[in-house]
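*Asks:* Input data-v3.txt, format and content: compact mmCIF, C-alpha atoms and all ligand atoms.
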# COMPACT_ATOMS: atom_id res chain seq x y z
CA MET H 1 15.30 -180.46 2.58
CA ASN H 2 15.78 -181.53 6.20
CA GLY H 3 15.40 -185.08 7.43
CA ASN H 4 16.70 -188.44 6.25
CA PHE H 5 14.31 -190.99 4.87
CA GLU H 6 13.77 -194.19 2.97
CA TYR H 7 11.29 -194.30 0.13
CA CYS H 8 9.71 -197.40 -1.33
CA ASN H 9 6.17 -197.94 -2.51
CA PRO H 10 5.55 -201.56 -3.43
CA THR H 11 1.91 -201.25 -4.64
CA LYS H 12 1.44 -201.89 -8.34
CA LEU H 13 -1.30 -199.70 -9.80
CA TYR H 14 -3.50 -200.16 -12.84
CA PHE H 15 -5.18 -196.87 -13.65
CA GLY H 16 -7.81 -195.80 -16.17
CA ARG H 17 -10.72 -197.11 -18.21
CA ASN H 18 -10.93 -200.92 -18.25
CA ALA H 19 -8.18 -201.23 -15.63
CA LEU H 20 -10.09 -204.30 -14.37
CA ASP H 21 -8.82 -206.19 -17.43
CA ASN H 22 -5.55 -206.57 -15.51
CA LEU H 23 -7.10 -208.47 -12.61
CA SER H 24 -6.67 -211.97 -14.05
CA LYS H 25 -2.96 -211.36 -14.66
CA GLU H 26 -2.53 -210.35 -11.01
CA LEU H 27 -4.63 -213.24 -9.69
CA SER H 28 -2.31 -215.78 -11.31
CA GLY H 29 0.37 -214.84 -8.76
CA TYR H 30 -1.64 -216.14 -5.77
CA GLY H 31 -3.09 -219.43 -4.50
CA LYS H 32 -6.62 -220.67 -5.17
CA ASN H 33 -8.43 -219.34 -2.09
CA VAL H 34 -9.66 -215.77 -2.33
CA LEU H 35 -11.51 -213.90 0.39
CA LEU H 36 -13.68 -211.39 -1.46
CA VAL H 37 -14.32 -208.42 0.85
CA TYR H 38 -16.90 -205.73 0.12
CA GLY H 39 -19.29 -203.28 1.73
CA GLY H 40 -23.03 -202.85 1.98
CA GLY H 41 -23.94 -203.73 -1.58
CA SER H 42 -23.16 -200.76 -3.86
CA ILE H 43 -20.98 -203.05 -6.00
CA LYS H 44 -23.97 -205.32 -6.63
CA LYS H 45 -26.08 -202.38 -7.83
CA ASN H 46 -23.49 -200.91 -10.17
CA GLY H 47 -22.37 -204.21 -11.72
CA ILE H 48 -18.77 -204.24 -10.41
CA TYR H 49 -19.50 -207.34 -8.29
CA ASP H 50 -20.63 -209.39 -11.30
CA ARG H 51 -17.59 -208.40 -13.32
CA VAL H 52 -15.16 -209.27 -10.52
CA VAL H 53 -16.84 -212.60 -9.69
CA LYS H 54 -16.77 -213.58 -13.38
CA ILE H 55 -13.01 -212.97 -13.55
CA LEU H 56 -12.42 -214.89 -10.30
CA SER H 57 -14.39 -217.82 -11.65
CA GLU H 58 -12.58 -217.78 -15.02
CA CYS H 59 -9.31 -217.90 -13.08
CA GLY H 60 -10.50 -220.99 -11.19
CA LYS H 61 -10.48 -219.43 -7.73
CA ASN H 62 -12.37 -220.70 -4.67
CA VAL H 63 -14.16 -217.61 -3.47
CA THR H 64 -15.34 -216.98 0.09
CA GLU H 65 -17.34 -213.80 0.51
CA ASP H 66 -17.04 -211.37 3.40
CA ALA H 67 -19.69 -208.72 2.78
CA GLY H 68 -21.15 -205.95 4.91
CA VAL H 69 -18.03 -203.98 5.75
CA MET H 70 -19.54 -200.77 7.08
CA PRO H 71 -18.18 -197.23 6.66
CA ASN H 72 -15.82 -196.76 9.65
CA PRO H 73 -15.27 -200.54 10.02
CA THR H 74 -15.55 -201.87 13.55
CA VAL H 75 -13.50 -204.14 15.73
CA ASN H 76 -16.47 -206.56 15.91
CA LYS H 77 -16.63 -206.84 12.13
CA LEU H 78 -12.86 -207.39 12.11
CA ALA H 79 -13.30 -210.44 14.36
CA GLU H 80 -15.79 -211.85 11.84
CA GLY H 81 -13.37 -211.30 8.93
CA ILE H 82 -10.52 -213.00 10.76
CA GLU H 83 -12.71 -216.08 11.29
CA ARG H 84 -13.70 -216.21 7.64
CA ALA H 85 -10.14 -215.78 6.41
CA ARG H 86 -8.94 -218.54 8.76
CA ASN H 87 -11.74 -220.96 7.86
CA SER H 88 -11.24 -220.45 4.14
CA ASN H 89 -7.44 -220.61 4.31
CA ALA H 90 -7.28 -217.38 2.32
CA ASP H 91 -4.28 -216.95 0.00
CA LEU H 92 -5.39 -213.48 -1.10
CA ILE H 93 -7.79 -210.91 0.32
CA LEU H 94 -9.46 -209.02 -2.52
CA ALA H 95 -11.01 -205.77 -1.31
CA VAL H 96 -13.65 -204.22 -3.60
CA GLY H 97 -14.81 -200.88 -2.26
CA GLY H 98 -13.67 -197.65 -0.65
CA GLY H 99 -11.24 -196.87 2.14
CA SER H 100 -13.31 -198.74 4.71
CA VAL H 101 -13.17 -201.99 2.74
CA CYS H 102 -9.45 -201.61 1.93
CA ASP H 103 -8.54 -200.66 5.53
CA TYR H 104 -10.54 -203.59 6.86
CA ALA H 105 -8.85 -205.99 4.43
CA LYS H 106 -5.45 -204.85 5.71
CA ALA H 107 -6.54 -205.27 9.33
CA VAL H 108 -7.71 -208.82 8.56
CA SER H 109 -4.45 -209.51 6.69
CA VAL H 110 -2.27 -208.82 9.73
CA SER H 111 -4.64 -210.53 12.18
CA VAL H 112 -5.36 -213.93 10.61
CA ASN H 113 -2.14 -215.45 11.92
CA CYS H 114 -1.81 -213.24 14.99
CA SER H 115 -2.12 -215.03 18.33
CA GLU H 116 -2.88 -211.85 20.30
CA ASP H 117 -5.91 -209.53 20.37
CA PRO H 118 -5.40 -207.44 17.20
CA TRP H 119 -7.20 -204.36 18.60
CA GLU H 120 -4.88 -204.26 21.60
CA LYS H 121 -1.75 -205.12 19.64
CA TYR H 122 -2.12 -202.93 16.56
CA PHE H 123 -4.50 -200.14 17.53
CA ILE H 124 -3.74 -199.56 21.23
CA ARG H 125 -0.08 -200.59 21.56
CA PHE H 126 0.75 -199.71 17.90
CA GLU H 127 2.96 -202.79 17.53
CA GLU H 128 4.03 -204.10 14.14
CA PRO H 129 2.93 -207.52 12.86
CA ASP H 130 5.26 -210.39 13.67
CA CYS H 131 3.22 -213.09 11.93
CA LYS H 132 2.61 -214.15 8.33
CA ILE H 133 0.59 -211.45 6.52
CA ILE H 134 -2.02 -212.45 3.92
CA PRO H 135 -1.54 -210.37 0.74
CA VAL H 136 -4.23 -207.80 -0.12
CA GLY H 137 -5.35 -206.63 -3.56
CA CYS H 138 -7.71 -203.72 -4.00
CA ILE H 139 -10.32 -202.67 -6.53
CA LEU H 140 -11.17 -199.09 -5.61
CA THR H 141 -14.72 -197.76 -5.92
CA MET H 142 -14.59 -194.62 -3.73
CA VAL H 143 -11.90 -191.96 -3.81
CA GLY H 144 -10.32 -190.09 -0.91
CA THR H 145 -8.42 -192.12 1.65
CA GLY H 146 -5.38 -193.21 -0.36
CA SER H 147 -5.78 -196.64 1.23
CA GLU H 148 -5.19 -198.15 -2.23
CA MET H 149 -1.47 -197.34 -2.02
CA ASN H 150 -0.60 -197.08 1.65
CA GLY H 151 -0.38 -199.10 4.85
CA GLY H 152 -3.13 -197.22 6.71
CA SER H 153 -5.90 -199.11 8.45
CA VAL H 154 -8.47 -197.31 10.59
CA ILE H 155 -10.71 -199.33 12.92
CA THR H 156 -13.48 -198.11 15.22
CA ASN H 157 -14.25 -199.49 18.67
CA HIS H 158 -17.68 -198.17 19.67
CA GLU H 159 -17.55 -199.61 23.20
CA GLN H 160 -14.31 -197.78 23.92
CA LYS H 161 -15.36 -194.68 21.93
CA LEU H 162 -12.14 -194.83 19.94
CA LYS H 163 -11.44 -194.66 16.21
CA ILE H 164 -7.77 -195.37 15.65
CA GLY H 165 -5.56 -195.65 12.59
CA HIS H 166 -2.41 -197.73 12.41
CA VAL H 167 -0.07 -196.86 9.56
CA PHE H 168 1.57 -200.18 8.79
CA GLY H 169 4.78 -200.66 6.82
CA GLU H 170 5.27 -201.62 3.19
CA GLU H 171 4.61 -205.30 3.86
CA VAL H 172 0.95 -204.40 4.50
CA PHE H 173 0.44 -202.08 1.49
CA PRO H 174 -1.88 -203.62 -1.14
CA LYS H 175 0.16 -205.73 -3.55
CA PHE H 176 -1.85 -204.27 -6.41
CA SER H 177 -4.70 -201.79 -6.83
CA ILE H 178 -7.07 -201.31 -9.72
CA LEU H 179 -8.26 -197.74 -10.23
CA ASP H 180 -10.93 -197.13 -12.85
CA PRO H 181 -12.37 -193.62 -12.45
CA GLU H 182 -15.66 -194.80 -13.99
CA PHE H 183 -16.14 -197.13 -11.00
CA THR H 184 -16.56 -194.00 -8.87
CA PHE H 185 -19.36 -192.44 -10.96
CA THR H 186 -22.12 -194.03 -8.84
CA ILE H 187 -20.84 -192.64 -5.52
CA PRO H 188 -23.52 -190.44 -3.90
CA LYS H 189 -22.61 -186.75 -4.08
CA TYR H 190 -22.25 -186.43 -0.28
CA GLN H 191 -19.61 -189.19 -0.30
CA MET H 192 -17.82 -187.73 -3.32
CA ILE H 193 -17.52 -184.32 -1.67
CA SER H 194 -16.45 -185.91 1.60
CA GLY H 195 -13.72 -187.78 -0.27
CA ILE H 196 -12.57 -184.57 -1.92
CA TYR H 197 -12.09 -182.93 1.47
CA ASP H 198 -10.34 -186.02 2.82
CA ILE H 199 -7.77 -185.59 0.04
CA MET H 200 -7.44 -181.86 0.81
CA SER H 201 -6.88 -182.59 4.49
CA HIS H 202 -4.29 -185.28 3.82
CA ILE H 203 -2.24 -182.86 1.76
CA LEU H 204 -2.61 -179.96 4.20
CA GLU H 205 -1.73 -182.03 7.25
CA GLN H 206 1.62 -182.93 5.71
CA TYR H 207 2.21 -179.45 4.22
CA PHE H 208 1.57 -177.60 7.50
CA SER H 209 4.72 -178.74 9.26
CA GLY H 210 8.35 -177.68 9.12
CA ASP H 211 9.95 -174.47 7.88
CA ASP H 212 12.65 -175.71 5.54
CA ASP H 213 12.55 -175.35 1.76
CA ASN H 214 11.22 -178.80 0.86
CA THR H 215 10.36 -180.37 -2.49
CA SER H 216 7.44 -182.15 -0.82
CA ASP H 217 5.75 -178.76 -0.24
CA TYR H 218 5.99 -177.81 -3.91
CA ILE H 219 4.45 -181.14 -4.90
CA SER H 220 1.69 -180.57 -2.33
CA GLU H 221 0.86 -177.16 -3.75
CA GLY H 222 0.52 -178.66 -7.22
CA LEU H 223 -1.74 -181.42 -5.95
CA LEU H 224 -3.89 -178.90 -4.06
CA ARG H 225 -4.32 -176.72 -7.14
CA SER H 226 -5.31 -179.70 -9.24
CA LEU H 227 -7.78 -180.86 -6.59
CA ILE H 228 -9.42 -177.45 -6.16
CA HIS H 229 -9.77 -177.09 -9.93
CA SER H 230 -11.19 -180.58 -10.54
CA ALA H 231 -13.49 -180.50 -7.50
CA GLY H 232 -15.29 -177.46 -8.90
CA ILE H 233 -15.95 -179.33 -12.13
CA ALA H 234 -16.91 -182.67 -10.51
CA VAL H 235 -19.44 -181.05 -8.18
CA LYS H 236 -21.26 -179.56 -11.18
CA ASP H 237 -20.93 -182.67 -13.31
CA PRO H 238 -20.02 -185.87 -11.42
CA SER H 239 -19.72 -187.76 -14.70
CA ASP H 240 -16.88 -185.59 -15.99
CA TYR H 241 -14.22 -188.26 -16.55
CA GLU H 242 -11.34 -185.80 -16.75
CA ALA H 243 -12.15 -184.25 -13.38
CA ARG H 244 -12.96 -187.53 -11.65
CA SER H 245 -9.79 -189.20 -12.93
CA ASN H 246 -7.65 -186.27 -11.75
CA ILE H 247 -9.29 -186.41 -8.33
CA MET H 248 -8.66 -190.15 -8.15
CA TRP H 249 -4.98 -189.79 -9.01
CA THR H 250 -4.54 -186.83 -6.64
CA ALA H 251 -6.05 -188.88 -3.80
CA THR H 252 -3.50 -191.62 -4.34
CA TRP H 253 -0.56 -189.21 -4.30
CA ALA H 254 -1.93 -187.29 -1.35
CA LEU H 255 -1.39 -190.25 0.96
CA ASN H 256 1.01 -192.76 -0.53
CA THR H 257 3.91 -191.53 1.67
CA LEU H 258 5.64 -189.40 -1.01
CA ILE H 259 4.69 -185.91 0.21
CA ALA H 260 5.44 -186.83 3.82
CA LYS H 261 9.10 -187.29 2.98
CA GLY H 262 11.34 -184.92 4.89
CA LYS H 263 8.34 -183.63 6.90
CA THR H 264 7.36 -184.06 10.54
CA THR H 265 3.65 -183.93 9.48
CA ASP H 266 0.79 -182.66 11.66
CA TRP H 267 -2.32 -184.96 11.56
CA GLU H 268 -4.18 -183.18 14.39
CA VAL H 269 -7.20 -182.50 12.15
CA HIS H 270 -7.49 -186.26 11.60
CA MET H 271 -7.22 -186.90 15.34
CA LEU H 272 -10.04 -184.40 15.99
CA GLY H 273 -12.14 -185.81 13.13
CA GLN H 274 -11.63 -189.40 14.25
CA ALA H 275 -12.67 -188.50 17.81
CA VAL H 276 -15.83 -186.87 16.44
CA ALA H 277 -16.51 -190.03 14.42
CA ALA H 278 -15.91 -192.27 17.44
CA HIS H 279 -18.87 -190.50 19.09
CA THR H 280 -21.10 -189.99 16.03
CA ASP H 281 -20.04 -192.51 13.34
CA ALA H 282 -20.13 -189.57 10.91
CA THR H 283 -18.63 -189.71 7.40
CA HIS H 284 -14.85 -189.36 7.55
CA GLY H 285 -14.20 -186.38 5.25
CA MET H 286 -17.07 -184.41 6.75
CA THR H 287 -15.65 -184.80 10.26
CA LEU H 288 -12.41 -183.26 8.98
CA ALA H 289 -14.15 -180.40 7.17
CA ALA H 290 -16.15 -179.53 10.28
CA VAL H 291 -13.12 -179.01 12.53
CA SER H 292 -10.51 -177.72 10.05
CA LEU H 293 -11.06 -173.98 10.00
CA PRO H 294 -11.25 -173.53 13.80
CA TYR H 295 -8.07 -175.63 14.04
CA TYR H 296 -6.20 -173.73 11.34
CA LYS H 297 -7.23 -170.34 12.73
CA HIS H 298 -5.92 -171.50 16.12
CA ILE H 299 -2.48 -172.61 14.87
CA LEU H 300 -2.02 -169.88 12.25
CA PRO H 301 0.12 -167.62 14.49
CA TYR H 302 2.52 -170.50 15.13
CA GLY H 303 2.93 -171.37 11.44
CA LEU H 304 2.39 -167.93 9.93
CA LYS H 305 5.12 -168.25 7.28
CA LYS H 306 3.59 -171.43 5.84
CA PHE H 307 0.00 -170.14 6.02
CA ARG H 308 1.13 -167.04 4.11
CA ARG H 309 2.78 -169.21 1.46
CA TYR H 310 -0.37 -171.38 1.25
CA ALA H 311 -2.51 -168.29 0.64
CA VAL H 312 -0.29 -166.99 -2.14
CA ASN H 313 0.74 -170.22 -3.91
CA VAL H 314 -2.52 -172.15 -3.62
CA TRP H 315 -5.25 -169.52 -3.45
CA GLY H 316 -3.55 -166.76 -5.45
CA ILE H 317 -3.97 -164.12 -2.74
CA SER H 318 -2.24 -160.86 -3.69
CA GLU H 319 0.56 -159.72 -1.38
CA GLU H 320 0.85 -155.98 -2.05
CA GLY H 321 0.56 -153.68 0.97
CA LYS H 322 -0.70 -156.38 3.32
CA SER H 323 0.71 -157.80 6.52
CA ASP H 324 1.71 -161.46 6.58
CA GLU H 325 -1.20 -162.19 8.90
CA LYS H 326 -3.71 -160.51 6.58
CA ILE H 327 -2.45 -162.52 3.59
CA ALA H 328 -2.60 -165.76 5.60
CA LEU H 329 -6.13 -165.03 6.82
CA GLU H 330 -7.31 -164.20 3.30
CA GLY H 331 -6.01 -167.65 2.28
CA LEU H 332 -8.20 -169.30 4.90
CA GLU H 333 -11.16 -167.17 3.79
CA ALA H 334 -10.68 -168.34 0.21
CA MET H 335 -10.51 -171.93 1.46
CA GLU H 336 -13.72 -171.46 3.47
CA LYS H 337 -15.54 -170.07 0.44
CA TRP H 338 -14.43 -173.07 -1.65
CA MET H 339 -15.52 -175.48 1.08
CA ARG H 340 -18.98 -173.88 1.24
CA ASP H 341 -19.25 -173.77 -2.55
CA ILE H 342 -18.64 -177.50 -2.96
CA GLY H 343 -21.12 -178.29 -0.18
CA LEU H 344 -19.04 -179.53 2.74
CA VAL H 345 -20.39 -179.83 6.28
CA MET H 346 -18.92 -176.85 8.13
CA ASN H 347 -19.67 -177.66 11.77
CA ILE H 348 -19.86 -180.65 14.06
CA SER H 349 -23.42 -179.88 15.25
CA ALA H 350 -24.54 -180.88 11.76
CA LEU H 351 -22.86 -184.26 12.39
CA GLY H 352 -24.79 -184.82 15.62
CA VAL H 353 -22.42 -183.34 18.21
CA THR H 354 -24.04 -181.51 21.14
CA PRO H 355 -22.23 -179.30 23.68
CA GLU H 356 -22.52 -182.05 26.32
CA MET H 357 -20.46 -184.37 24.10
CA ILE H 358 -17.43 -182.06 23.88
CA GLU H 359 -15.77 -183.39 27.03
CA GLY H 360 -15.94 -187.00 25.83
CA ILE H 361 -14.71 -186.09 22.35
CA THR H 362 -11.78 -184.21 23.89
CA LYS H 363 -10.83 -187.36 25.79
CA SER H 364 -10.99 -189.43 22.58
CA THR H 365 -8.66 -187.03 20.72
CA LEU H 366 -5.03 -188.12 20.41
CA ILE H 367 -2.49 -185.30 20.65
CA MET H 368 0.14 -185.15 17.89
CA THR H 369 3.48 -183.36 18.10
CA GLY H 370 4.59 -182.86 14.48
CA GLY H 371 2.69 -179.66 13.59
CA TYR H 372 3.19 -176.00 14.41
CA LYS H 373 1.62 -176.24 17.87
CA THR H 374 1.23 -179.22 20.16
CA LEU H 375 -2.26 -178.74 21.58
CA THR H 376 -3.21 -178.99 25.24
CA GLU H 377 -6.47 -180.66 26.24
CA ASP H 378 -7.97 -177.22 26.91
CA GLU H 379 -7.08 -176.11 23.39
CA ILE H 380 -8.73 -179.22 21.96
CA THR H 381 -11.89 -178.39 23.89
CA GLU H 382 -11.78 -174.80 22.64
CA ILE H 383 -11.35 -175.89 19.00
CA LEU H 384 -14.23 -178.36 19.33
CA LYS H 385 -16.45 -175.65 20.85
CA ASN H 386 -15.54 -173.33 17.99
CA SER H 387 -16.51 -176.11 15.58
CA LEU H 388 -20.04 -176.53 16.96
O1 LIG H 401 -20.74 -200.11 1.53
P1 LIG H 401 -21.16 -199.79 0.15
O2 LIG H 401 -22.53 -200.26 -0.17
O3 LIG H 401 -20.15 -200.21 -0.87
O4 LIG H 401 -21.29 -198.17 0.07
C1 LIG H 401 -20.20 -197.31 0.30
C2 LIG H 401 -20.27 -196.60 1.64
O5 LIG H 401 -21.58 -196.47 2.09
C3 LIG H 401 -20.30 -196.16 -0.68
N1 LIG H 401 -19.64 -196.43 -1.95
C4 LIG H 401 -18.35 -196.74 -2.16
N2 LIG H 401 -18.10 -196.85 -3.48
C5 LIG H 401 -19.28 -196.61 -4.11
C6 LIG H 401 -20.25 -196.36 -3.14
N3 LIG H 401 -21.55 -196.10 -3.45
C7 LIG H 401 -21.87 -196.10 -4.76
N4 LIG H 401 -20.97 -196.31 -5.75
C8 LIG H 401 -19.67 -196.57 -5.46
N5 LIG H 401 -18.78 -196.74 -6.46
O6 LIG H 401 -19.62 -195.08 -0.06
C9 LIG H 401 -19.78 -195.19 1.35
C10 LIG H 401 -18.48 -194.84 2.03
O7 LIG H 401 -17.48 -195.76 1.74
P2 LIG H 401 -16.16 -195.77 2.63
O8 LIG H 401 -15.28 -196.88 2.14
O9 LIG H 401 -16.49 -195.75 4.07
O10 LIG H 401 -15.50 -194.35 2.28
P3 LIG H 401 -14.02 -193.87 2.31
O11 LIG H 401 -13.29 -194.32 1.11
O12 LIG H 401 -14.07 -192.43 2.58
O13 LIG H 401 -13.36 -194.62 3.58
C11 LIG H 401 -13.49 -194.12 4.89
C12 LIG H 401 -12.68 -194.92 5.87
O14 LIG H 401 -11.27 -194.86 5.58
C13 LIG H 401 -10.55 -194.38 6.71
C14 LIG H 401 -11.60 -193.51 7.39
O15 LIG H 401 -11.25 -193.21 8.72
C15 LIG H 401 -12.84 -194.34 7.28
O16 LIG H 401 -12.87 -195.35 8.26
N6 LIG H 401 -9.30 -193.73 6.30
C16 LIG H 401 -8.28 -194.50 5.85
C17 LIG H 401 -7.04 -193.99 5.57
C18 LIG H 401 -5.89 -194.80 5.10
N7 LIG H 401 -6.06 -196.07 4.86
O17 LIG H 401 -4.80 -194.30 4.96
C19 LIG H 401 -6.73 -192.58 5.76
C20 LIG H 401 -7.93 -191.73 5.85
O18 LIG H 401 -7.54 -190.56 6.52
C21 LIG H 401 -9.08 -192.32 6.55
O19 LIG H 401 -8.92 -192.15 7.94
ZN ZN H 402 -8.48 -189.03 5.92
Any chance you could put this one into structure tokens?
*Replies:*
Amino acid sequence: MNGNFEYCNPTKLYFGRNALDNLSKELSGYGKNVLLVYGGGSIKKNGIYDRVVKILSECGKNVTEDAGVMPNPTVNKLAEGIERARNSNADLILAVGGGSVCDYAKAVSVSVNCSEDPWEKYFIRFEEPDCKIIPVGCILTMVGTGSEMNGGSVITNHEQKLKIGHVFGEEVFPKFSILDPEFTFTIPKYQMISGIYDIMSHILEQYFSGDDDNTSDYISEGLLRSLIHSAGIAVKDPSDYEARSNIMWTATWALNTLIAKGKTTDWEVHMLGQAVAAHTDATHGMTLAAVSLPYYKHILPYGLKKFRRYAVNVWGISEEGKSDEKIALEGLEAMEKWMRDIGLVMNISALGVTPEMIEGITKSTLIMTGGYKTLTEDEITEILKNSL
């Protein structure tokens, strides 16, 4: 295993049926003022809101609500949240929702006491917080991003046509997260499938880097096999607890920093997907699915050894009498079949991209250097065209 690293994950997790019973215990560790952050109202329909508010009230908290966090939360909404957190003197930000709500809560947490423009500081200059951070707790209702156990926060600026993620340090990770797989049963199927591919992409974008024999890669292969297996079941029966709970747990481990250890990591698929979203506001996991295969076919010659290993260890492709390239390509074919079977969006036209938009999307795509090939702008354009 090459590379030196530190490993610490400070988020406390409560997982499983009735995990919400642990909320009051956690709340006792914080002051009276709670900023309750949630999205467009799904938690009111499925009853999670009522259950959370009841516990907050029993614990004697002063609750200020910050509702309406949209998928792909915006810099304008962030400004609103900062105001609310300041005015209410928030001691704890309680995020109840998916990755968008959790990411937004983290962005508010580092901005409340920040004297500079948070978009410029954190998302353009990528600086670390140097102010007091408000603690965040999370009650997860949508699976995929891993935001429940990491420092990631992705914010969209529509005026600047940029969607940018800042991966903050451990001080910004949620202090606790509550993960009840049953809370995810009401997610619309499109969102569930999108989340499944988000998980897949997180694992792959860490796996497809480096050539050393690395424990992280073996863990990744196990997570991928579990995900592929459970996804097939969940798509047929979204109320299958066993499958949904495995997907939830896999999502957390896919992006809680563990499998990145000792790896340079790639992340170019996310940069392409985020650029597509900056121009279309499309659903996160679908933007990744729509660009992945053209990207992987493009970089396959540069990372042939790993693509061959992926085909054999994850997709069970037989090796006998075949060239390395043939084995690797058969792995991508198996992946494509699985993607189509579970119902993913396979091209960016279906997300609203037209050929005239390619130039702008290319300009919005950040170029990463940790994968098998550092792309040029022309290569980004070519991959986007192949994704149409
Ligand atoms: O807003 P409500 O009404 O709650 O509806 C949401 C939303 O429309 C709905 N939903 C969530 N839980 C539900 C539910 N509907 C019914 N029942 C439930 N239990 O699902 C929709 C999507 O929610 P959202 O939070 O946007 O989804 P997701 O968890 O995929 O989060 C996406 C955001 O996270 C960022 C993405 O870029 C995107 O902005 N990411 C964050 C990462 C991180 N923190 O590390 C990494 C990821 O790569 C990703 O970039
Ligand atoms: Zn993602």
*Asks:* As a VMD selection string, please: every protein or nucleic acid residue near ligand LIG 401 (chain H) (cut-off 8 Å, counting all atoms listed in the file).
*Replies:* chain H and resid 38 to 43 46 68 to 73 97 to 103 140 to 148 150 to 156 163 165 167 183 to 188 191 194 to 195 198 202 255 270 274 283 to 285
*Asks:* Considering all atoms listed in the file, return as a ChimeraX atom specification whatever protein or nucleic-acid residues lie within 6 Å of segment 205-220 of chain H, sequence-local ones (same chain, fewer than 3 positions apart) excluded.
*Replies:* /H:1,201-202,223,259-260,265-267,371
*Asks:* List the spatial neighbours of segment 336-346 of chain H as a PyMOL selection string - criterion: any atom at most 8 Å away, only C-alpha atoms, same-chain residues fewer than 2 positions off excluded.
*Replies:* chain H and resi 193-194+197+231-232+235+286-287+289-291+293+332-334+348+350-351+387
*Asks:* Any chance you can output those residues with C-alpha atoms as an mmCIF file, in the frame of the given file?
*Replies:*
data_model
loop_
_atom_site.group_PDB
_atom_site.id
_atom_site.type_symbol
_atom_site.label_atom_id
_atom_site.label_comp_id
_atom_site.auth_asym_id
_atom_site.auth_seq_id
_atom_site.Cartn_x
_atom_site.Cartn_y
_atom_site.Cartn_z
ATOM 1 C CA ILE H 193 -17.520 -184.320 -1.670
ATOM 2 C CA SER H 194 -16.450 -185.910 1.600
ATOM 3 C CA TYR H 197 -12.090 -182.930 1.470
ATOM 4 C CA ALA H 231 -13.490 -180.500 -7.500
ATOM 5 C CA GLY H 232 -15.290 -177.460 -8.900
ATOM 6 C CA VAL H 235 -19.440 -181.050 -8.180
ATOM 7 C CA MET H 286 -17.070 -184.410 6.750
ATOM 8 C CA THR H 287 -15.650 -184.800 10.260
ATOM 9 C CA ALA H 289 -14.150 -180.400 7.170
ATOM 10 C CA ALA H 290 -16.150 -179.530 10.280
ATOM 11 C CA VAL H 291 -13.120 -179.010 12.530
ATOM 12 C CA LEU H 293 -11.060 -173.980 10.000
ATOM 13 C CA LEU H 332 -8.200 -169.300 4.900
ATOM 14 C CA GLU H 333 -11.160 -167.170 3.790
ATOM 15 C CA ALA H 334 -10.680 -168.340 0.210
ATOM 16 C CA ILE H 348 -19.860 -180.650 14.060
ATOM 17 C CA ALA H 350 -24.540 -180.880 11.760
ATOM 18 C CA LEU H 351 -22.860 -184.260 12.390
ATOM 19 C CA SER H 387 -16.510 -176.110 15.580
#
*Asks:* Which residue, H:Ala277, H:Leu56, H:Leu27, H:Ile299, has the smallest gap to ligand ZN 402 (chain H) when you use all atoms listed in the file?
*Replies:*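 Looking only at the distances to ligand ZN 402 (chain H), the closest residue turns out to be H:Ala277.
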*Asks:* Using all atoms listed in the file, find the one residue out of H:Met192, H:Glu171, H:Lys373, H:Gln160 that sits nearest to Lys236 of chain H.
*Replies:* H:Met192
*Asks:* Excluding Glu127 of chain H and any residue of its chain fewer than 2 positions from it, enumerate the residues within 12 Å of it, using only C-alpha atoms, and give them as a list in words.
*Replies:* Val110, Cys114, Glu116, Asp117, Pro118, Trp119, Glu120, Lys121, Tyr122, Phe123, Ile124, Arg125, Pro129, Asp130, Cys131, His166, Val167, Phe168 and Gly169 of chain H
*Asks:* Give the answer as one residue: which of H:Ala107, H:Tyr372, H:Tyr49, H:Lys261 has the shortest atom-to-atom distance to His298 of chain H, using all atoms listed in the file?
*Replies:* H:Tyr372
*Asks:* Compare H:Ser88, H:Val353, H:Gly137, H:Leu366 by their minimum atom-to-atom distance to Leu388 of chain H, counting only C-alpha atoms, and give me the closest one.
*Replies:*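 The answer is H:Val353, which sits nearest to Leu388 of chain H.
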*Asks:* Which of these, H:Ala251, H:Ala105, H:Ala234, H:Cys8, has the shortest distance to ligand ZN 402 (chain H) once you count only C-alpha atoms and all ligand atoms?
*Replies:* H:Ala251
*Asks:* Which one of H:Ile199, H:Ala243, H:Ala311, H:Val172 sits closest to ligand ZN 402 (chain H) if you count all atoms listed in the file?
*Replies:*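 Of H:Ile199, H:Ala243, H:Ala311, H:Val172, the one nearest ligand ZN 402 (chain H), counting all atoms listed in the file, is H:Ile199.
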*Asks:* Neighbouring residues of segment 318-331 of chain H were defined as those with any atom within 9 Å, considering all atoms listed in the file; residues of the same chain fewer than 3 positions away were excluded. Please report them as an MDAnalysis selection string.
*Replies:* chainID H and resid 297 300:301 304:312 314:315 334:336
*Asks:* Pick out the residues sitting within 12 Å of Arg51 of chain H, and hand them over as a CSV table (one decimal) with C-alpha atoms, in the frame of the given file; count all atoms listed in the file, and ignore anything fewer than 6 positions along from it in its own chain.
*Replies:*
chain,number,residue,atom,x,y,z
H,18,ASN,CA,-10.9,-200.9,-18.2
H,20,LEU,CA,-10.1,-204.3,-14.4
H,21,ASP,CA,-8.8,-206.2,-17.4
H,23,LEU,CA,-7.1,-208.5,-12.6
H,24,SER,CA,-6.7,-212.0,-14.0
H,43,ILE,CA,-21.0,-203.0,-6.0
H,44,LYS,CA,-24.0,-205.3,-6.6
H,45,LYS,CA,-26.1,-202.4,-7.8
H,57,SER,CA,-14.4,-217.8,-11.6
H,58,GLU,CA,-12.6,-217.8,-15.0
H,96,VAL,CA,-13.6,-204.2,-3.6
H,139,ILE,CA,-10.3,-202.7,-6.5
H,183,PHE,CA,-16.1,-197.1,-11.0
